[in-house]
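So this one's query03.cif, mmCIF, C-alpha atoms:
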data_work
#
loop_
_atom_site.label_atom_id
_atom_site.label_comp_id
_atom_site.auth_asym_id
_atom_site.auth_seq_id
_atom_site.Cartn_x
_atom_site.Cartn_y
_atom_site.Cartn_z
CA MET A 1 -6.79 -78.83 16.98
CA ARG A 2 -3.03 -78.72 16.40
CA GLU A 3 -1.10 -77.58 13.36
CA ASN A 4 -0.80 -81.01 11.77
CA ASP A 5 -4.56 -81.60 11.79
CA PRO A 6 -6.41 -81.40 8.45
CA VAL A 7 -7.52 -77.92 7.46
CA THR A 8 -10.65 -77.14 5.51
CA SER A 9 -9.94 -74.88 2.54
CA ALA A 10 -10.84 -71.23 2.96
CA THR A 11 -10.93 -70.62 -0.78
CA ARG A 12 -13.96 -71.05 -2.97
CA GLU A 13 -15.43 -70.31 -6.37
CA PRO A 14 -18.74 -68.50 -6.95
CA GLU A 15 -21.71 -70.85 -7.18
CA THR A 16 -25.40 -70.15 -6.58
CA PRO A 17 -26.05 -66.43 -5.90
CA ALA A 18 -25.67 -66.13 -2.13
CA ALA A 19 -28.52 -63.65 -1.74
CA ASP A 20 -30.96 -66.42 -2.75
CA ILE A 21 -29.70 -68.79 -0.02
CA PRO A 22 -31.05 -68.41 3.54
CA PRO A 23 -28.23 -67.58 5.97
CA ARG A 24 -27.35 -70.03 8.73
CA LEU A 25 -24.42 -68.24 10.35
CA ILE A 26 -23.31 -64.66 10.95
CA ALA A 27 -19.57 -64.13 11.40
CA THR A 28 -18.65 -60.70 12.70
CA ASP A 29 -15.44 -59.00 13.64
CA LEU A 30 -15.52 -56.92 16.83
CA ASP A 31 -13.30 -53.82 16.93
CA GLY A 32 -14.28 -51.32 14.26
CA THR A 33 -17.17 -53.58 13.21
CA LEU A 34 -19.63 -54.83 15.84
CA LEU A 35 -18.26 -52.59 18.60
CA ARG A 36 -18.57 -48.84 18.56
CA ASP A 37 -15.39 -46.83 18.98
CA ASP A 38 -15.97 -46.67 22.74
CA LYS A 39 -15.91 -50.53 22.72
CA SER A 40 -19.59 -50.79 23.61
CA VAL A 41 -22.25 -52.91 21.92
CA SER A 42 -25.25 -50.71 21.17
CA PRO A 43 -28.76 -51.73 22.30
CA ARG A 44 -29.78 -51.91 18.65
CA THR A 45 -26.96 -54.35 17.89
CA VAL A 46 -27.73 -56.46 20.97
CA ALA A 47 -31.34 -56.73 19.80
CA ALA A 48 -30.32 -57.63 16.24
CA LEU A 49 -27.99 -60.41 17.41
CA ALA A 50 -30.69 -61.84 19.69
CA ALA A 51 -33.22 -61.72 16.86
CA ALA A 52 -30.84 -63.57 14.54
CA GLU A 53 -30.31 -66.34 17.11
CA GLU A 54 -34.07 -66.51 17.68
CA ALA A 55 -34.49 -67.02 13.92
CA GLY A 56 -32.11 -69.99 14.07
CA ILE A 57 -29.02 -68.19 12.71
CA GLU A 58 -25.82 -68.86 14.66
CA VAL A 59 -23.62 -65.88 15.55
CA PHE A 60 -19.85 -66.23 15.70
CA PHE A 61 -17.62 -63.46 17.01
CA VAL A 62 -14.47 -63.66 14.88
CA THR A 63 -11.70 -61.41 16.17
CA GLY A 64 -7.99 -60.80 16.50
CA ARG A 65 -8.50 -60.32 20.24
CA PRO A 66 -7.18 -62.90 22.71
CA ALA A 67 -9.72 -64.82 24.78
CA ARG A 68 -9.04 -62.70 27.88
CA TRP A 69 -10.25 -59.60 26.00
CA MET A 70 -13.66 -61.08 25.19
CA ASP A 71 -15.44 -59.58 28.21
CA VAL A 72 -16.85 -56.87 25.92
CA VAL A 73 -19.22 -59.42 24.36
CA SER A 74 -19.51 -62.14 27.02
CA ASP A 75 -22.81 -60.64 28.18
CA HIS A 76 -24.21 -60.92 24.64
CA VAL A 77 -23.57 -64.62 24.07
CA HIS A 78 -26.56 -66.54 22.75
CA GLY A 79 -26.88 -70.15 21.66
CA HIS A 80 -23.54 -71.96 21.38
CA GLY A 81 -21.45 -69.06 22.70
CA LEU A 82 -18.36 -69.81 20.61
CA ALA A 83 -15.88 -67.21 19.39
CA ILE A 84 -12.89 -67.40 17.07
CA CYS A 85 -10.03 -65.49 18.70
CA GLY A 86 -6.47 -64.56 17.79
CA ASN A 87 -7.25 -64.31 14.05
CA GLY A 88 -8.20 -67.97 13.92
CA ALA A 89 -5.61 -69.33 16.35
CA ALA A 90 -8.25 -70.42 18.87
CA VAL A 91 -11.93 -71.27 19.17
CA VAL A 92 -13.19 -70.33 22.62
CA ASP A 93 -16.37 -71.15 24.55
CA LEU A 94 -17.49 -67.93 26.22
CA HIS A 95 -20.20 -69.47 28.37
CA GLY A 96 -17.98 -69.56 31.45
CA GLY A 97 -17.90 -65.79 31.58
CA PRO A 98 -14.89 -63.49 32.17
CA GLY A 99 -11.78 -65.38 33.21
CA ALA A 100 -13.39 -68.80 32.69
CA HIS A 101 -13.23 -69.20 28.93
CA ARG A 102 -12.59 -72.73 27.63
CA PHE A 103 -10.41 -73.38 24.58
CA VAL A 104 -12.23 -75.66 22.16
CA LYS A 105 -9.62 -75.59 19.37
CA VAL A 106 -6.04 -74.34 19.30
CA ARG A 107 -4.13 -73.80 16.05
CA ALA A 108 -0.69 -72.99 17.40
CA LEU A 109 2.25 -71.21 15.82
CA ALA A 110 5.20 -73.61 16.05
CA ARG A 111 8.10 -72.05 17.96
CA GLU A 112 10.47 -72.90 15.11
CA ASN A 113 8.29 -70.97 12.67
CA ALA A 114 7.94 -68.09 15.12
CA LEU A 115 11.71 -67.86 15.55
CA ASP A 116 12.19 -67.92 11.78
CA ALA A 117 9.66 -65.10 11.40
CA VAL A 118 11.42 -63.02 14.06
CA ARG A 119 14.80 -63.54 12.42
CA LEU A 120 13.61 -62.81 8.89
CA LEU A 121 11.72 -59.68 9.93
CA ARG A 122 14.62 -58.38 12.02
CA GLU A 123 16.75 -58.60 8.88
CA ALA A 124 14.14 -57.01 6.62
CA ALA A 125 12.98 -54.28 9.04
CA PRO A 126 15.60 -53.40 11.67
CA GLY A 127 14.02 -51.84 14.73
CA THR A 128 11.07 -54.25 14.84
CA VAL A 129 10.10 -55.27 18.39
CA TYR A 130 7.97 -58.24 19.44
CA ALA A 131 5.41 -59.61 21.86
CA VAL A 132 4.28 -63.22 22.24
CA GLU A 133 0.63 -64.18 22.72
CA GLN A 134 -0.15 -67.57 24.25
CA THR A 135 -3.39 -69.22 25.34
CA TYR A 136 -3.15 -67.57 28.75
CA GLY A 137 0.20 -65.76 28.87
CA PHE A 138 1.46 -62.56 27.29
CA HIS A 139 5.18 -61.76 27.05
CA GLN A 140 7.10 -58.97 25.33
CA GLU A 141 10.48 -57.51 24.58
CA PRO A 142 11.61 -54.63 26.83
CA ASP A 143 11.32 -52.07 23.99
CA TYR A 144 7.86 -53.17 22.88
CA PRO A 145 5.56 -50.16 23.48
CA LYS A 146 2.60 -50.12 25.85
CA LEU A 147 0.04 -50.88 23.16
CA HIS A 148 -2.07 -53.15 25.34
CA MET A 149 -3.83 -52.45 28.62
CA GLU A 150 -2.04 -55.18 30.55
CA ILE A 151 1.20 -55.98 32.30
CA PRO A 152 3.30 -58.62 30.48
CA ASP A 153 4.19 -61.82 32.29
CA ASN A 154 7.82 -61.60 31.16
CA LEU A 155 10.20 -59.11 29.57
CA ALA A 156 12.94 -60.65 27.41
CA PRO A 157 14.20 -60.80 23.80
CA ALA A 158 11.81 -62.67 21.51
CA GLU A 159 14.38 -65.39 20.95
CA GLU A 160 14.32 -66.18 24.67
CA LEU A 161 10.55 -65.93 24.93
CA LEU A 162 10.15 -68.41 22.06
CA ALA A 163 12.83 -70.87 23.15
CA GLU A 164 11.65 -74.42 23.84
CA ASP A 165 12.57 -73.94 27.50
CA GLY A 166 11.50 -70.27 27.63
CA PRO A 167 8.75 -68.63 29.69
CA GLY A 168 5.40 -70.30 29.20
CA ALA A 169 7.02 -73.29 27.49
CA ALA A 170 4.09 -75.51 28.48
CA GLU A 171 1.60 -73.27 26.64
CA PRO A 172 1.11 -73.10 22.86
CA VAL A 173 2.00 -69.87 21.08
CA LEU A 174 -1.05 -68.43 19.35
CA LYS A 175 0.64 -65.54 17.57
CA ILE A 176 3.48 -63.08 17.77
CA LEU A 177 3.02 -59.34 17.48
CA ALA A 178 5.57 -57.27 15.58
CA TYR A 179 5.70 -53.48 15.94
CA HIS A 180 7.79 -50.95 14.02
CA PRO A 181 7.99 -47.31 15.17
CA SER A 182 8.39 -45.64 11.78
CA ILE A 183 7.31 -47.79 8.81
CA GLU A 184 3.88 -47.03 7.32
CA PRO A 185 1.43 -49.81 8.37
CA ASP A 186 0.49 -51.16 4.92
CA ALA A 187 4.10 -50.98 3.75
CA PHE A 188 5.18 -52.91 6.86
CA LEU A 189 2.58 -55.59 6.11
CA THR A 190 3.74 -55.98 2.50
CA LEU A 191 7.41 -56.06 3.47
CA SER A 192 6.77 -58.62 6.20
CA ARG A 193 4.78 -60.97 4.00
CA LEU A 194 7.57 -60.95 1.44
CA ALA A 195 10.24 -61.51 4.08
CA ILE A 196 8.48 -64.28 6.02
CA GLY A 197 6.91 -66.10 3.09
CA ASP A 198 5.16 -69.35 3.94
CA ARG A 199 6.76 -69.70 7.39
CA ALA A 200 3.76 -67.95 8.94
CA ASN A 201 0.60 -66.01 8.13
CA VAL A 202 0.96 -62.25 8.54
CA THR A 203 -1.85 -59.71 8.82
CA ARG A 204 -2.83 -56.56 10.69
CA SER A 205 -5.85 -55.02 12.39
CA SER A 206 -4.34 -51.98 14.12
CA PRO A 207 -4.09 -48.46 12.68
CA SER A 208 -0.43 -48.49 13.74
CA ALA A 209 2.43 -50.54 12.27
CA LEU A 210 1.52 -53.57 14.39
CA LEU A 211 1.48 -56.96 12.68
CA GLU A 212 -0.09 -60.20 13.88
CA ILE A 213 1.81 -63.35 12.91
CA SER A 214 0.08 -66.74 13.13
CA GLY A 215 0.78 -70.28 12.00
CA PRO A 216 0.89 -71.09 8.27
CA GLY A 217 -2.64 -71.17 6.88
CA VAL A 218 -4.17 -69.90 10.12
CA SER A 219 -6.64 -67.09 9.55
CA LYS A 220 -10.13 -66.05 10.48
CA ALA A 221 -11.33 -67.60 7.23
CA SER A 222 -9.70 -71.01 7.60
CA THR A 223 -10.84 -71.50 11.19
CA LEU A 224 -14.34 -70.29 10.35
CA ALA A 225 -14.38 -72.78 7.47
CA LEU A 226 -13.50 -75.57 9.91
CA CYS A 227 -16.25 -74.56 12.32
CA CYS A 228 -18.79 -74.36 9.52
CA ALA A 229 -17.78 -77.75 8.10
CA GLU A 230 -18.36 -79.30 11.54
CA ARG A 231 -21.91 -77.90 11.45
CA GLY A 232 -22.69 -78.77 7.85
CA ILE A 233 -22.81 -75.10 6.91
CA SER A 234 -21.55 -74.05 3.48
CA HIS A 235 -19.76 -70.78 2.75
CA GLU A 236 -22.85 -69.67 0.84
CA GLN A 237 -24.86 -69.78 4.08
CA VAL A 238 -22.46 -67.44 5.90
CA VAL A 239 -22.82 -63.65 6.21
CA ALA A 240 -19.60 -61.94 7.35
CA PHE A 241 -18.68 -58.45 8.53
CA GLY A 242 -15.27 -56.75 8.89
CA ASP A 243 -13.22 -53.59 8.59
CA MET A 244 -9.46 -54.36 8.51
CA PRO A 245 -6.96 -56.45 6.49
CA ASN A 246 -7.23 -59.39 8.89
CA ASP A 247 -10.87 -59.71 7.74
CA VAL A 248 -10.16 -59.89 3.99
CA GLU A 249 -9.90 -63.70 3.68
CA MET A 250 -13.08 -64.19 5.73
CA LEU A 251 -15.04 -61.69 3.65
CA THR A 252 -13.81 -63.29 0.44
CA TRP A 253 -14.80 -66.77 1.65
CA ALA A 254 -18.29 -65.98 2.94
CA GLY A 255 -21.27 -66.15 0.61
CA GLN A 256 -22.35 -62.66 1.62
CA SER A 257 -19.93 -60.17 3.14
CA TYR A 258 -20.08 -56.56 4.21
CA ALA A 259 -17.33 -54.00 4.68
CA MET A 260 -18.08 -51.36 7.27
CA GLY A 261 -18.41 -47.74 6.23
CA ASN A 262 -15.14 -47.11 8.11
CA ALA A 263 -13.32 -50.06 6.50
CA HIS A 264 -9.81 -50.24 5.03
CA PRO A 265 -9.83 -49.96 1.18
CA ASP A 266 -8.68 -53.58 0.81
CA VAL A 267 -11.67 -54.72 2.85
CA ILE A 268 -14.11 -52.72 0.74
CA ALA A 269 -12.61 -54.31 -2.38
CA ALA A 270 -12.90 -57.83 -0.93
CA ALA A 271 -16.48 -57.66 0.36
CA SER A 272 -19.58 -58.31 -1.72
CA GLY A 273 -21.38 -55.37 -0.12
CA GLN A 274 -20.92 -52.40 2.19
CA THR A 275 -22.85 -51.14 5.19
CA VAL A 276 -22.62 -48.01 7.31
CA ALA A 277 -19.91 -47.40 9.90
CA ASN A 278 -19.56 -49.24 13.20
CA ASN A 279 -20.68 -46.16 15.16
CA ASP A 280 -23.87 -46.18 13.08
CA ASP A 281 -24.68 -49.84 13.88
CA GLY A 282 -23.73 -51.13 10.45
CA VAL A 283 -23.94 -54.79 11.45
CA ALA A 284 -27.41 -54.34 12.94
CA VAL A 285 -28.63 -52.53 9.82
CA VAL A 286 -27.79 -55.55 7.63
CA ILE A 287 -29.13 -58.14 10.10
CA GLU A 288 -32.46 -56.31 10.41
CA ARG A 289 -32.91 -56.19 6.64
CA MET A 290 -31.83 -59.82 6.32
CA LEU A 291 -34.38 -60.99 8.90
CA GLU A 292 -37.15 -59.06 7.12
CA ARG A 293 -36.54 -61.20 4.03
CA LEU A 294 -36.77 -64.55 5.82
#

Just dump the structure as structure tokens.
Amino acid sequence: MRENDPVTSATREPETPAADIPPRLIATDLDGTLLRDDKSVSPRTVAALAAAEEAGIEVFFVTGRPARWMDVVSDHVHGHGLAICGNGAAVVDLHGGPGAHRFVKVRALARENALDAVRLLREAAPGTVYAVEQTYGFHQEPDYPKLHMEIPDNLAPAEELLAEDGPGAAEPVLKILAYHPSIEPDAFLTLSRLAIGDRANVTRSSPSALLEISGPGVSKASTLALCCAERGISHEQVVAFGDMPNDVEMLTWAGQSYAMGNAHPDVIAAASGQTVANNDDGVAVVIERMLERL
């Protein structure tokens, strides 16, 4: 799906109490949520996910990670095997296994909007450096730090990377990453949202001052809403889990939502409930109790 396609609203008003409605879909973030800090999926969590699928509840991995970083859960795919990646910028079929993921939907960041965001943020926060995430490619500015365990395809100023005839011009841009070496992370997020306005959607999932900038209206929540609408699943039938600001919209939208015990304060405020930390299998704890009630 491209940017000009219709978008299902990711906002909603309270209706029937969600706890009284049987769940049909579990939407879970990965880092800091489903995964332990060592990036493993515990045996207890693997068993809980399998039990949910066996009970007829779909499981969606909903993450800021790009598709090429989904190997951590590819072995735990059940049923449809779909994941929402890049904070909603792509829906990916994981059945092909590592290196063979298929893009089902793409909600690209228009290069014009990306260039506007770079310009506006350079003015508002001098010293910001950028990387560009595409469906398959990854490019960065020379001064962008080694935050990711990979070698970039190209090193160049963001304006060149995002030019219509720039590197990877044939591929859609999923998001741009903006890093600042000295601004406090939450302050950087607030400043950036004010500076960029409606030209793009800005969020963060890293403990550092690293922002993730997607197309207008593109978020975990809005893409999850699209996927649920295609399946005839209402927000009330969704149970969501998360720990960082990029999860807030999804947790607000879902009928039942749980902040992890290690979650950011904004996430705790947005969720309808709270579970224990990711290292204590917080997602599995909720799924097990949920299945007992079915």

Could you give me, as a JSON list (two decimals) with C-alpha atoms, in the frame of the given file, the residues within 10 Å of Pro142 of chain A, counting all atoms listed in the file and dropping anything in the same chain fewer than 3 positions from it?
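The resulting file, around.json, is reproduced below:
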[["chain", "number", "residue", "atom", "x", "y", "z"],
["A", 129, "VAL", "CA", 10.10, -55.27, 18.39],
["A", 130, "TYR", "CA", 7.97, -58.24, 19.44],
["A", 131, "ALA", "CA", 5.41, -59.61, 21.86],
["A", 139, "HIS", "CA", 5.18, -61.76, 27.05],
["A", 145, "PRO", "CA", 5.56, -50.16, 23.48],
["A", 152, "PRO", "CA", 3.30, -58.62, 30.48],
["A", 154, "ASN", "CA", 7.82, -61.60, 31.16],
["A", 155, "LEU", "CA", 10.20, -59.11, 29.57],
["A", 156, "ALA", "CA", 12.94, -60.65, 27.41],
["A", 157, "PRO", "CA", 14.20, -60.80, 23.80],
["A", 158, "ALA", "CA", 11.81, -62.67, 21.51]]

Contact residues around Ile196 of chain A with all atoms listed in the file at 7 Å, ignoring same-chain residues under 3 positions, as number ranges by chain
A: 117, 120-121, 192-193, 199-200

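Atom pair atom CA of Asp38 of chain A / atom CA of Glu58 of chain A has a distance of 25.6 Å (rounded to one decimal).
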
Where does the PyMOL selection byres ((chain A and resi 68) around 12) land in this file, that is, which residues does it pick, as a VMD selection string? chain A and resid 64 to 67 69 to 74 83 85 to 86 90 92 to 94 96 to 103 133 to 138 149 to 150

For Leu210 of chain A, the nearest of the candidates A:Val239, A:Val106, A:Ile176, A:Ile57, counting all atoms listed in the file =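 The closest residue to Leu210 of chain A is A:Ile176.
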
For a test of reading the model, state the distance in Å between atom CA of Gly168 of chain A and atom CA of Asp153 of chain A, rounded to one decimal.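 Result for atom CA of Gly168 of chain A versus atom CA of Asp153 of chain A: 9.1 Å, one decimal.
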
**Asked** Can you tell me, as a list in words, what residues are no more than 9 Å from Leu82 of chain A when counting all atoms listed in the file, ignoring any on the same chain fewer than 5 positions away?
**Response**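 Neighbouring residues, sequence-local ones excluded: Val59, Phe60, Phe61, Val77, Val91, Val92, Asp93, Leu94, His95 and Val104 of chain A.
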
List the spatial neighbours of Tyr179 of chain A as an MDAnalysis selection string - criterion: any atom at most 12 Å away, all atoms listed in the file, same-chain residues fewer than 5 positions off excluded. chainID A and resid 118 121:122 125:132 140:141 143:147 184:185 188:189 192 204 206:213

When distances are computed from all atoms listed in the file, which of A:Ala170, A:Glu123, A:His264, A:Leu25 shows the smallest separation from Arg231 of chain A?
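Closest residue, counting all atoms listed in the file: A:Leu25.
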
Quiz prompt | Atom pair atom CA of Gly32 of chain A / atom CA of Ser205 of chain A: separation (Å) | solution =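 One can read the atom CA of Gly32 of chain A to atom CA of Ser205 of chain A distance as 9.4 Å.
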
Can you take the partial segment 202-218 of chain A, add N, CA and C atoms, and return it as a PDB file, in the coordinates of the input?
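Resulting contents of result-v2.pdb:
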ATOM      1  N   VAL A 202       0.780 -63.595   8.012  1.00  0.00           N
ATOM      2  CA  VAL A 202       0.960 -62.250   8.540  1.00  0.00           C
ATOM      3  C   VAL A 202      -0.213 -61.369   8.139  1.00  0.00           C
ATOM      4  N   THR A 203      -0.756 -60.628   9.109  1.00  0.00           N
ATOM      5  CA  THR A 203      -1.850 -59.710   8.820  1.00  0.00           C
ATOM      6  C   THR A 203      -1.782 -58.536   9.781  1.00  0.00           C
ATOM      7  N   ARG A 204      -2.789 -57.667   9.738  1.00  0.00           N
ATOM      8  CA  ARG A 204      -2.830 -56.560  10.690  1.00  0.00           C
ATOM      9  C   ARG A 204      -4.268 -56.108  10.887  1.00  0.00           C
ATOM     10  N   SER A 205      -4.526 -55.567  12.088  1.00  0.00           N
ATOM     11  CA  SER A 205      -5.850 -55.020  12.390  1.00  0.00           C
ATOM     12  C   SER A 205      -5.763 -53.682  13.112  1.00  0.00           C
ATOM     13  N   SER A 206      -4.553 -53.232  13.383  1.00  0.00           N
ATOM     14  CA  SER A 206      -4.340 -51.980  14.120  1.00  0.00           C
ATOM     15  C   SER A 206      -4.079 -50.834  13.149  1.00  0.00           C
ATOM     16  N   PRO A 207      -4.440 -49.611  13.513  1.00  0.00           N
ATOM     17  CA  PRO A 207      -4.090 -48.460  12.680  1.00  0.00           C
ATOM     18  C   PRO A 207      -2.610 -48.140  12.699  1.00  0.00           C
ATOM     19  N   SER A 208      -1.879 -48.699  13.660  1.00  0.00           N
ATOM     20  CA  SER A 208      -0.430 -48.490  13.740  1.00  0.00           C
ATOM     21  C   SER A 208       0.299 -49.609  13.011  1.00  0.00           C
ATOM     22  N   ALA A 209       1.620 -49.524  12.937  1.00  0.00           N
ATOM     23  CA  ALA A 209       2.430 -50.540  12.270  1.00  0.00           C
ATOM     24  C   ALA A 209       2.631 -51.734  13.203  1.00  0.00           C
ATOM     25  N   LEU A 210       1.532 -52.407  13.509  1.00  0.00           N
ATOM     26  CA  LEU A 210       1.520 -53.570  14.390  1.00  0.00           C
ATOM     27  C   LEU A 210       0.997 -54.759  13.599  1.00  0.00           C
ATOM     28  N   LEU A 211       1.846 -55.765  13.439  1.00  0.00           N
ATOM     29  CA  LEU A 211       1.480 -56.960  12.680  1.00  0.00           C
ATOM     30  C   LEU A 211       1.146 -58.107  13.619  1.00  0.00           C
ATOM     31  N   GLU A 212       0.297 -59.004  13.133  1.00  0.00           N
ATOM     32  CA  GLU A 212      -0.090 -60.200  13.880  1.00  0.00           C
ATOM     33  C   GLU A 212       0.326 -61.414  13.058  1.00  0.00           C
ATOM     34  N   ILE A 213       1.184 -62.251  13.641  1.00  0.00           N
ATOM     35  CA  ILE A 213       1.810 -63.350  12.910  1.00  0.00           C
ATOM     36  C   ILE A 213       1.356 -64.675  13.510  1.00  0.00           C
ATOM     37  N   SER A 214       0.661 -65.482  12.686  1.00  0.00           N
ATOM     38  CA  SER A 214       0.080 -66.740  13.130  1.00  0.00           C
ATOM     39  C   SER A 214       0.713 -67.905  12.358  1.00  0.00           C
ATOM     40  N   GLY A 215       0.270 -69.104  12.676  1.00  0.00           N
ATOM     41  CA  GLY A 215       0.780 -70.280  12.000  1.00  0.00           C
ATOM     42  C   GLY A 215       0.437 -70.279  10.514  1.00  0.00           C
ATOM     43  N   PRO A 216       1.183 -71.023   9.704  1.00  0.00           N
ATOM     44  CA  PRO A 216       0.890 -71.090   8.270  1.00  0.00           C
ATOM     45  C   PRO A 216      -0.547 -71.547   8.025  1.00  0.00           C
ATOM     46  N   GLY A 217      -1.270 -70.803   7.199  1.00  0.00           N
ATOM     47  CA  GLY A 217      -2.640 -71.170   6.880  1.00  0.00           C
ATOM     48  C   GLY A 217      -3.668 -70.818   7.933  1.00  0.00           C
ATOM     49  N   VAL A 218      -3.232 -70.253   9.055  1.00  0.00           N
ATOM     50  CA  VAL A 218      -4.170 -69.900  10.120  1.00  0.00           C
ATOM     51  C   VAL A 218      -4.702 -68.488   9.877  1.00  0.00           C
TER      52      VAL A 218
END
